[in-house]
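**Q** Here it is, the structure, as structure tokens.
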Amino acid sequence: MRRMSCPHPTRDNGFVSQFESLFGCSRETFEAMQDPRRGPQPKLPAWNLLASLIYHVLGGAGHFSAHVYQLFGLEIKDSSLSGRRQRMGLEPFAWLMGHALRPLADRGTHPSCFYKGLRLCGIDGSRWSVTNTPQILERMGKAAARRLKAAFAKVEMCTLVELGLHNPIGAVVGLDGEGEWSLAKQLLSSLPEGSLLVVDRLYGCGEYLKELRAACASAKSELLVRARGNIRSHKAERLPDGSSIVSINIRSQKGGHHVKGEVRVREIRGRIKKPGGKAWSEVRLWTTLLDEEAYPAQELLELYAERWEHELFYKELKLHMRGGEVLHSHTPETAAQEVAALLMACSIIARERGEAARSGRLQPLSISFLKTLDKMSSLWAVFEVSDGLLDDGARGLMVARVRELIVREAIPERRQRSCPRKVRQPVRGWPRLTKNESSEGEFAVEVVNFP
């Protein structure tokens with residue numbers, strides 16, 4: 001049955017309600033950032049275009065114009081929507097990624113998202129592939145691969161994520177060849193107050209440590225970072241649990257030997273043995289959690305494994321949400337818009353996971369991202385075709401039943417599994433993967449006393 005275009009710009013439906021409740025506080029500023037134009041207002045307001053774009057990346061199959069019609073009953077050609085997006089540019093979407101995304105985990109409802117009252121967060125970078133249009137290749141290069149260059153141009157992205165909920169809090173897209181660290185610096189101001197920032201060893205040197213420590217202090221938060229193995233530390237005080245208070249020299253990037261200052265942190269040294277393995281791997285952590293009684297070294301060594309949740313977030317974002325690493329956009333600006341829409345869609349699903357976990361008294365990450373995405377997308381589609389046929393009570397009951405189904409299909413406890421650090425097409429010094437291997441069992445984690 002063909003639905004006639006409605007005269008009003010928005011309607012009461014499940015998805016739009018979710019969208020407005022999460023991001024509605026940003027509507028006024030987002031609309032104000034659009035170029036003012038004289039004459040009649042656009043057929044599809046910018047805010048509704050954003051909602052349609054998020055619904056489009058959630059919906060999977062179907063044209064953008066079809067999803068606009070499903071939400072707002074407006075018939076607009078895909079070419080017109082594409083031109084509208086290009087005229088909007090990057091600025092309003094870049095602002096959204098820094099301000100519309102926000103923390104969702106609650107200390108009372110989602111205890112696994114916190115460590116002793118500190119919200120577990122992480123910063124990490126990743127890359128998207130983008131189609132090789134002339135506009136893309138003019139500004140973006142192709143990464144090195146085993147044979148010459150990669151098939152697609154690459155765009156760098158850096159995200160700030162709630163690790164216990166896989167919820168993006170902020171993101172920056174580098175369209176001009178920026179590296180991960182330069183993008184990460186732009187995210188530090190978005191760190192929520194009372195957080196524990198967990199990051200990998202890219203940031204484990206003096207210069208980066210200074211920036212991270214200052215940002216955490218400004219947000220009344222703490223830091224846990226894996227240190228690089230070749231960075232020297234100077235012991236100031238040995239603690240009873242085997243860790244030590246140390247100072248890390250900050251050296252000039254140009255000279256290499258000139259010391260510009262130092263940073264004092266607590267260093268924890270440990271070793272980890274993979275299940276089925278015989279060799280131990282050495283690990284160094286730096287943290288601003290200086291109280292060894294309140295924050296034992298053994299606990300922090302085991303807690304660092306939470307950083308892997310950031311990698312799983314990227315798997316959900318790229319494979320489950322997008323269906324692959326290649327963006328569909330044809331210009332740098334619309335590629336950034338697509339990334340913003342994907343992240344906001346992930347935030348909507350993260351809240352649904354949190355609500356399902358609360359109703360089932362489970363931890364959020366035991367709720368399947370893929371099943372939540374599939375069932376909620378189907379429910380929102382049903383709400384669209386049944387517009388005007390269901391009252392609020394019936395719609396609320398349907399949401400509750402869908403959440404019950406999601407809880408019933410909760411993920412069992414994860415296996416302790418380890419895979420070799422190899423790749424099929426190695427670049428530089430990476431070993432080559434020729435046969436899939438994995439081992440299961442408990443990881444052995446031990447604190448090594450500081451010498």
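Following the order of the structure tokens, chains are lettered A, B, ..., residues in each are numbered from 1, and ligands are numbered from 1.
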Can you pull out the residues contacting segment 84-97 of chain A? Cut-off 10 Å, using only C-alpha atoms, and skip same-chain residues under 5 positions away; I want them as an NGL selection string.

**A** :A and (23 or 26-27 or 29-35 or 42 or 44 or 46 or 49-50 or 53 or 78-79 or 102 or 159 or 168-173 or 187 or 330-341 or 343-344)

**Q** How close does segment 299-347 of chain A get to segment 264-286 of chain A? List, as CSV, each residue of segment 299-347 of chain A within 12 Å, its nearest atom pair and the distance in Å to one decimal, counting only C-alpha atoms.

**A**
residue,atom,partner,partner_atom,distance
A:Glu299,CA,A:Ile268,CA,10.7
A:Leu300,CA,A:Ile268,CA,8.4
A:Leu301,CA,A:Gly270,CA,7.2
A:Glu302,CA,A:Ile272,CA,9.6
A:Leu303,CA,A:Leu285,CA,10.9
A:Tyr304,CA,A:Leu285,CA,8.6
A:Ala305,CA,A:Ile272,CA,11.0

**Q** Could you tell me, as a PyMOL selection string, which residues of segment 182-304 of chain A DSSP assigns to strand (DSSP E or B) when given the backbone?

**A** chain A and resi 195-199+222-226+233-238+244-251+259-273+281-287

**Q** Per DSSP on the backbone, what are the helix (DSSP H, G or I) residues of segment 25-168 of chain A, as an MDAnalysis selection string?

**A** chainID A and resid 25:32 46:59 64:72 78:88 91:99 111:113 134:139

**Q** Using only C-alpha atoms, which protein or nucleic acid residues come within 7 Å of Leu197 of chain A? Drop anything in the same chain fewer than 5 positions from it, and give the result as a count of residues only.

**A** 6

**Q** What lies within 10 Å of segment 367-378 of chain A using only C-alpha atoms, ignoring chain neighbours under 2 positions off, as a PyMOL selection string?

**A** chain A and resi 14-15+55+58-60+165-166+313+316-317+319-321+345-346+348-350+352-357+360+362-365+380-384+399+402-403+405-412

**Q** For each of A:Ala151, A:Val326, A:Val246, A:Gln41, take the minimum atom-to-atom distance to Arg127 of chain A, counting only C-alpha atoms, then give the residue where this is smallest.

**A**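 Ranked by minimum distance to Arg127 of chain A, first place goes to A:Val326.
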
**Q** Smallest atom-to-atom distance to Gln186 of chain A: which of A:Cys158, A:Glu309, A:Lys142, A:Arg226, using only C-alpha atoms?

**A**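 Of A:Cys158, A:Glu309, A:Lys142, A:Arg226, the one nearest Gln186 of chain A, counting only C-alpha atoms, is A:Cys158.
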
**Q** Counting only C-alpha atoms, figure out which residue out of A:Ser359, A:Ser347, A:Gly261, A:Gly388 gets nearest to Glu404 of chain A.

**A**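 The answer is A:Ser359, which sits nearest to Glu404 of chain A.
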
**Q** Tell me, in Å to one decimal, how far atom CA of Leu191 of chain A is from atom CA of Gly179 of chain A.

**A** 19.7 Å

**Q** How far is it from atom CA of His234 of chain A to atom CA of Pro296 of chain A, in Å with one decimal?

**A**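 Straight-line distance from atom CA of His234 of chain A to atom CA of Pro296 of chain A works out to 20.8 Å.
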
**Q** Show me, as a PyMOL selection string, the residues that have an atom within 7 Å of Arg228 of chain A when counting only C-alpha atoms, minus same-chain residues fewer than 5 positions from it.

**A** chain A and resi 201+204-205

**Q** Please dump the current selection as a PDB file, in the first residue's frame; keep N, CA and C atoms.

**A**
ATOM      1  N   ARG A 201      49.955   0.886  23.584  1.00  0.00           N
ATOM      2  CA  ARG A 201      51.326   1.352  23.714  1.00  0.00           C
ATOM      3  C   ARG A 201      51.743   2.358  22.656  1.00  0.00           C
ATOM      4  N   GLY A 204      52.397   5.051  24.795  1.00  0.00           N
ATOM      5  CA  GLY A 204      53.241   4.727  25.937  1.00  0.00           C
ATOM      6  C   GLY A 204      54.634   5.285  25.878  1.00  0.00           C
ATOM      7  N   CYS A 205      54.778   6.599  25.658  1.00  0.00           N
ATOM      8  CA  CYS A 205      56.079   7.265  25.730  1.00  0.00           C
ATOM      9  C   CYS A 205      55.893   8.608  26.434  1.00  0.00           C
TER      10      CYS A 205
END
